[in-house]
Amino acid sequence: MITSLRGFRDILPPESDIFARVEAAAREVFGLYGYQELRIPTLEQKELFVKSTGDTTDIVEKEMYAFTDGGGREIANRPEGTPGVVRAYIEHNLGQTGRNAKFFYIGSMFRAERPQAGRYREFEQIGAEHIGNPAPAADAETISMLVRLLEKAGVEGCSVVINSLGCAECRKAYREILLSFLRTHAGTLCEPCKGRIERNPLRALDCKIDGPKLAQEAPKLALCPACVEHFDGTQRLLGAAGIKYEVNPNLVRGLDYYTRTVFEVRSTALGSQDAVAGGGRYDDLIRSMGGPAAPAIGWAMGVDRLAMLLKDKAVIDTAPKAFVIAAAKEAGDKAFEVMTSLRAAGISADFSNFALSLKSQMRSADKSGASFALLIGEDELKAGTVAIKPLKVKGEQFTVAAADAPAKLKELMR
Ligand code: AMP
């Protein structure tokens, strides 16, 4: 037997319904905030991620599904969405359309991480990117949109953590201070950190092993006045939007391109993989990728983790309203016709196998969770009628003209 790959999973009903519900809630909220969908490819040139996400980050260094294709090209499955959006923005001059460059995407991301609960090798992200607005209002808007989306999807009990990583200027000074600290403490660092501190000292702060200790001991970043003003403005507007948040100076986030505001949404209900969504500002990325100087901010949210949080919530009712039964051999064609007319009228309808016994078809009707069974036997066939039997509520079976069945059911469903 061929099974699915480790870390890759089938999303079965009813979990697939939760995914659909979260996606629908997201589309609705994105509409309210002026976001348009961008469908980016799952495969890109590997270099895109190396250059944007950063070659010292875990997801590029260790977790990328990268390969050389038949034409000798270096290809990678996208581990995150932002690089593809940025590439598309530059490639199609999306800053020139006259509209706000606000985009969302929904789709699979791929990372060869060690699988565990809430961590898969293919997982779905819903992400948002707002390009071209440097103001704190963009930061406050994107964070509050994320919170509203989670509320809309029915997720409760999440907390928002924010921090500012400063701009290139404040980071330049801090890099030197941090680097000299890390050099003197190199003996206590994990092997990967030892190897990368010279290339990217900030990464050590986000390391799963060294990060917590460094958060206590390492010198802290001092923001320049412009970054202080930006961060204050963001917090003021978050307050105005009624968003509760906590400032955590140790929130670093593992990607290279972040500047200024970074944030994460967490849920204690998730256990060790507690991040539901994360994001931040990336004011220098687009220019560094060969595009115009366009400041930007975005986030990505993990739908698999949301589905874990929502799995005990009322499951969506996918039972058909009507279950159509042929109670006589010759009635099958008519039953099929009635079923077609129900669907055309917007009533969900299903059937099992018109050739089976009445008893067996009735059993299927009960199992389906349908509200009504519609039976067509010899008598009904002759009279051009349908017998309607309520399955979920008490009530007698009654007969209507076959042509009136959709209208009658609609009346009963009201
Ligand atoms: P990141 O791009 O790492 O900030 O991830 C953003 C969100 O995607 C996280 O908060 C998670 O909800 C989700 N996520 C990241 N990696 C995984 C994974 N391997 N499996 C499932 N969800 C993930």
# chains A, B, ... in the order shown; residues from 1 in each chain; ligands from 1
>>> residues_near_ligand(ligand="ligand 1", cutoff="9 Å", atoms="only C-alpha atoms and all ligand atoms", output="CSV table (one decimal) with C-alpha atoms, in the first residue's frame")
chain,number,residue,atom,x,y,z
A,7,GLY,CA,4.7,15.4,7.4
A,59,ILE,CA,13.8,27.7,6.7
A,79,PRO,CA,8.6,27.9,2.3
A,80,GLU,CA,6.7,31.1,2.8
A,81,GLY,CA,4.6,33.6,0.7
A,82,THR,CA,6.2,37.0,1.1
A,109,MET,CA,3.9,26.3,2.1
A,110,PHE,CA,6.6,23.6,2.4
A,111,ARG,CA,9.2,23.2,5.0
A,112,ALA,CA,11.2,20.0,5.8
A,113,GLU,CA,10.8,20.4,9.6
A,114,ARG,CA,10.5,17.5,12.1
A,115,PRO,CA,6.8,16.7,12.0
A,116,GLN,CA,4.8,16.9,15.3
A,117,ALA,CA,1.4,18.1,16.4
A,118,GLY,CA,0.7,21.4,14.6
A,119,ARG,CA,3.9,21.2,12.6
A,120,TYR,CA,3.7,19.7,9.1
A,121,ARG,CA,5.9,19.7,6.0
A,122,GLU,CA,3.1,21.0,3.9
A,123,PHE,CA,0.8,23.4,5.6
A,124,GLU,CA,-1.6,26.1,4.6
A,125,GLN,CA,-1.0,29.8,5.2
A,126,ILE,CA,-3.3,32.7,4.7
A,127,GLY,CA,-1.1,35.8,4.3
A,253,ARG,CA,11.2,36.4,14.5
A,254,GLY,CA,13.5,34.3,12.4
A,255,LEU,CA,13.6,36.0,9.0
A,264,GLU,CA,3.0,37.3,16.7
A,265,VAL,CA,-0.4,35.9,17.7
A,266,ARG,CA,-0.3,33.0,20.1
A,273,GLN,CA,3.6,25.1,18.7
A,274,ASP,CA,1.7,28.1,20.0
A,275,ALA,CA,2.2,30.6,17.2
A,276,VAL,CA,-1.0,31.0,15.2
A,277,ALA,CA,0.3,33.9,13.0
A,278,GLY,CA,3.3,36.2,12.7
A,279,GLY,CA,4.5,39.0,10.6
A,299,TRP,CA,1.8,38.6,8.1
A,300,ALA,CA,1.0,34.9,7.6
A,301,MET,CA,-1.3,32.7,9.6
A,302,GLY,CA,-1.3,28.9,9.8
A,303,VAL,CA,-4.6,27.4,8.9
A,304,ASP,CA,-3.7,24.0,10.2
A,305,ARG,CA,-3.2,25.4,13.7
A,306,LEU,CA,-6.4,27.4,13.5
>>> closest_atom_pairs(of="region 81-185 of chain A", to="region 190-211 of chain A", cutoff="7 Å", atoms="only C-alpha atoms", output="Markdown table")
| residue | atom | partner | partner_atom | distance |
| --- | --- | --- | --- | --- |
| A:Arg175 | CA | A:Pro201 | CA | 6.7 |
| A:Leu178 | CA | A:Pro201 | CA | 6.8 |
| A:Leu179 | CA | A:Pro201 | CA | 5.8 |
>>> select_by_dssp(residues="region 68-251 of chain A", states="strand (DSSP E or B)", output="VMD selection string")
chain A and resid 68 74 to 77 101 to 110 116 119 122 to 131 158 to 164 246 to 247
>>> closest_residue(among="A:Ala296, A:Met339, A:Ile131, A:Ile162", to="Ala101 (chain A)", atoms="only C-alpha atoms")
A:Ile131
>>> decode(residues="region 312-343 of chain A", atoms="N, CA and C atoms", output="PDB file, in the first residue's frame")
ATOM      1  N   ASP A 312     -13.243  21.678  18.090  1.00  0.00           N
ATOM      2  CA  ASP A 312     -14.340  21.336  19.003  1.00  0.00           C
ATOM      3  C   ASP A 312     -15.546  22.252  18.857  1.00  0.00           C
ATOM      4  N   LYS A 313     -15.404  23.235  18.002  1.00  0.00           N
ATOM      5  CA  LYS A 313     -16.542  24.153  17.776  1.00  0.00           C
ATOM      6  C   LYS A 313     -17.607  23.428  16.961  1.00  0.00           C
ATOM      7  N   ALA A 314     -18.842  23.922  17.063  1.00  0.00           N
ATOM      8  CA  ALA A 314     -19.935  23.291  16.327  1.00  0.00           C
ATOM      9  C   ALA A 314     -19.506  22.986  14.894  1.00  0.00           C
ATOM     10  N   VAL A 315     -19.619  21.740  14.530  1.00  0.00           N
ATOM     11  CA  VAL A 315     -19.219  21.338  13.180  1.00  0.00           C
ATOM     12  C   VAL A 315     -20.299  21.811  12.204  1.00  0.00           C
ATOM     13  N   ILE A 316     -19.848  22.253  11.057  1.00  0.00           N
ATOM     14  CA  ILE A 316     -20.797  22.759  10.068  1.00  0.00           C
ATOM     15  C   ILE A 316     -21.702  21.618   9.614  1.00  0.00           C
ATOM     16  N   ASP A 317     -22.975  21.927   9.463  1.00  0.00           N
ATOM     17  CA  ASP A 317     -23.929  20.911   9.050  1.00  0.00           C
ATOM     18  C   ASP A 317     -23.850  20.730   7.535  1.00  0.00           C
ATOM     19  N   THR A 318     -23.288  19.600   7.124  1.00  0.00           N
ATOM     20  CA  THR A 318     -23.182  19.356   5.678  1.00  0.00           C
ATOM     21  C   THR A 318     -24.205  18.307   5.231  1.00  0.00           C
ATOM     22  N   ALA A 319     -25.126  17.954   6.130  1.00  0.00           N
ATOM     23  CA  ALA A 319     -26.141  16.960   5.764  1.00  0.00           C
ATOM     24  C   ALA A 319     -27.049  17.534   4.682  1.00  0.00           C
ATOM     25  N   PRO A 320     -27.492  16.677   3.743  1.00  0.00           N
ATOM     26  CA  PRO A 320     -28.421  17.180   2.715  1.00  0.00           C
ATOM     27  C   PRO A 320     -29.773  17.489   3.347  1.00  0.00           C
ATOM     28  N   LYS A 321     -30.513  18.386   2.749  1.00  0.00           N
ATOM     29  CA  LYS A 321     -31.872  18.666   3.252  1.00  0.00           C
ATOM     30  C   LYS A 321     -32.806  17.511   2.885  1.00  0.00           C
ATOM     31  N   ALA A 322     -32.639  17.034   1.669  1.00  0.00           N
ATOM     32  CA  ALA A 322     -33.557  16.002   1.197  1.00  0.00           C
ATOM     33  C   ALA A 322     -32.803  14.751   0.754  1.00  0.00           C
ATOM     34  N   PHE A 323     -33.372  13.589   1.022  1.00  0.00           N
ATOM     35  CA  PHE A 323     -32.801  12.332   0.549  1.00  0.00           C
ATOM     36  C   PHE A 323     -33.865  11.655  -0.308  1.00  0.00           C
ATOM     37  N   VAL A 324     -33.521  11.417  -1.549  1.00  0.00           N
ATOM     38  CA  VAL A 324     -34.529  10.939  -2.497  1.00  0.00           C
ATOM     39  C   VAL A 324     -34.455   9.409  -2.633  1.00  0.00           C
ATOM     40  N   ILE A 325     -35.620   8.788  -2.568  1.00  0.00           N
ATOM     41  CA  ILE A 325     -35.702   7.318  -2.547  1.00  0.00           C
ATOM     42  C   ILE A 325     -36.684   6.825  -3.614  1.00  0.00           C
ATOM     43  N   ALA A 326     -36.264   5.828  -4.369  1.00  0.00           N
ATOM     44  CA  ALA A 326     -37.197   5.176  -5.301  1.00  0.00           C
ATOM     45  C   ALA A 326     -37.696   3.915  -4.623  1.00  0.00           C
ATOM     46  N   ALA A 327     -39.010   3.908  -4.303  1.00  0.00           N
ATOM     47  CA  ALA A 327     -39.570   2.779  -3.564  1.00  0.00           C
ATOM     48  C   ALA A 327     -40.089   1.689  -4.507  1.00  0.00           C
ATOM     49  N   ALA A 328     -39.875   1.871  -5.797  1.00  0.00           N
ATOM     50  CA  ALA A 328     -40.237   0.832  -6.763  1.00  0.00           C
ATOM     51  C   ALA A 328     -39.208   0.881  -7.888  1.00  0.00           C
ATOM     52  N   LYS A 329     -38.956  -0.253  -8.471  1.00  0.00           N
ATOM     53  CA  LYS A 329     -37.908  -0.352  -9.508  1.00  0.00           C
ATOM     54  C   LYS A 329     -38.054   0.691 -10.610  1.00  0.00           C
ATOM     55  N   GLU A 330     -39.315   0.812 -11.108  1.00  0.00           N
ATOM     56  CA  GLU A 330     -39.556   1.705 -12.250  1.00  0.00           C
ATOM     57  C   GLU A 330     -39.456   3.177 -11.874  1.00  0.00           C
ATOM     58  N   ALA A 331     -39.405   3.483 -10.567  1.00  0.00           N
ATOM     59  CA  ALA A 331     -39.474   4.890 -10.134  1.00  0.00           C
ATOM     60  C   ALA A 331     -38.118   5.599 -10.161  1.00  0.00           C
ATOM     61  N   GLY A 332     -37.057   4.852 -10.493  1.00  0.00           N
ATOM     62  CA  GLY A 332     -35.700   5.415 -10.424  1.00  0.00           C
ATOM     63  C   GLY A 332     -35.511   6.668 -11.266  1.00  0.00           C
ATOM     64  N   ASP A 333     -35.993   6.627 -12.517  1.00  0.00           N
ATOM     65  CA  ASP A 333     -35.781   7.770 -13.414  1.00  0.00           C
ATOM     66  C   ASP A 333     -36.503   9.010 -12.888  1.00  0.00           C
ATOM     67  N   LYS A 334     -37.726   8.780 -12.393  1.00  0.00           N
ATOM     68  CA  LYS A 334     -38.507   9.904 -11.869  1.00  0.00           C
ATOM     69  C   LYS A 334     -37.814  10.473 -10.613  1.00  0.00           C
ATOM     70  N   ALA A 335     -37.299   9.576  -9.776  1.00  0.00           N
ATOM     71  CA  ALA A 335     -36.613  10.009  -8.550  1.00  0.00           C
ATOM     72  C   ALA A 335     -35.406  10.875  -8.912  1.00  0.00           C
ATOM     73  N   PHE A 336     -34.699  10.440  -9.954  1.00  0.00           N
ATOM     74  CA  PHE A 336     -33.523  11.202 -10.396  1.00  0.00           C
ATOM     75  C   PHE A 336     -33.933  12.602 -10.862  1.00  0.00           C
ATOM     76  N   GLU A 337     -35.052  12.640 -11.573  1.00  0.00           N
ATOM     77  CA  GLU A 337     -35.581  13.907 -12.090  1.00  0.00           C
ATOM     78  C   GLU A 337     -35.979  14.852 -10.944  1.00  0.00           C
ATOM     79  N   VAL A 338     -36.661  14.286  -9.938  1.00  0.00           N
ATOM     80  CA  VAL A 338     -37.072  15.093  -8.771  1.00  0.00           C
ATOM     81  C   VAL A 338     -35.834  15.637  -8.054  1.00  0.00           C
ATOM     82  N   MET A 339     -34.832  14.772  -7.893  1.00  0.00           N
ATOM     83  CA  MET A 339     -33.607  15.191  -7.213  1.00  0.00           C
ATOM     84  C   MET A 339     -32.959  16.356  -7.968  1.00  0.00           C
ATOM     85  N   THR A 340     -32.951  16.252  -9.292  1.00  0.00           N
ATOM     86  CA  THR A 340     -32.384  17.320 -10.119  1.00  0.00           C
ATOM     87  C   THR A 340     -33.144  18.628  -9.900  1.00  0.00           C
ATOM     88  N   SER A 341     -34.474  18.542  -9.805  1.00  0.00           N
ATOM     89  CA  SER A 341     -35.278  19.755  -9.651  1.00  0.00           C
ATOM     90  C   SER A 341     -35.046  20.395  -8.278  1.00  0.00           C
ATOM     91  N   LEU A 342     -34.790  19.563  -7.277  1.00  0.00           N
ATOM     92  CA  LEU A 342     -34.517  20.098  -5.933  1.00  0.00           C
ATOM     93  C   LEU A 342     -33.238  20.920  -5.949  1.00  0.00           C
ATOM     94  N   ARG A 343     -32.204  20.353  -6.530  1.00  0.00           N
ATOM     95  CA  ARG A 343     -30.908  21.053  -6.567  1.00  0.00           C
ATOM     96  C   ARG A 343     -31.015  22.341  -7.379  1.00  0.00           C
TER      97      ARG A 343
END
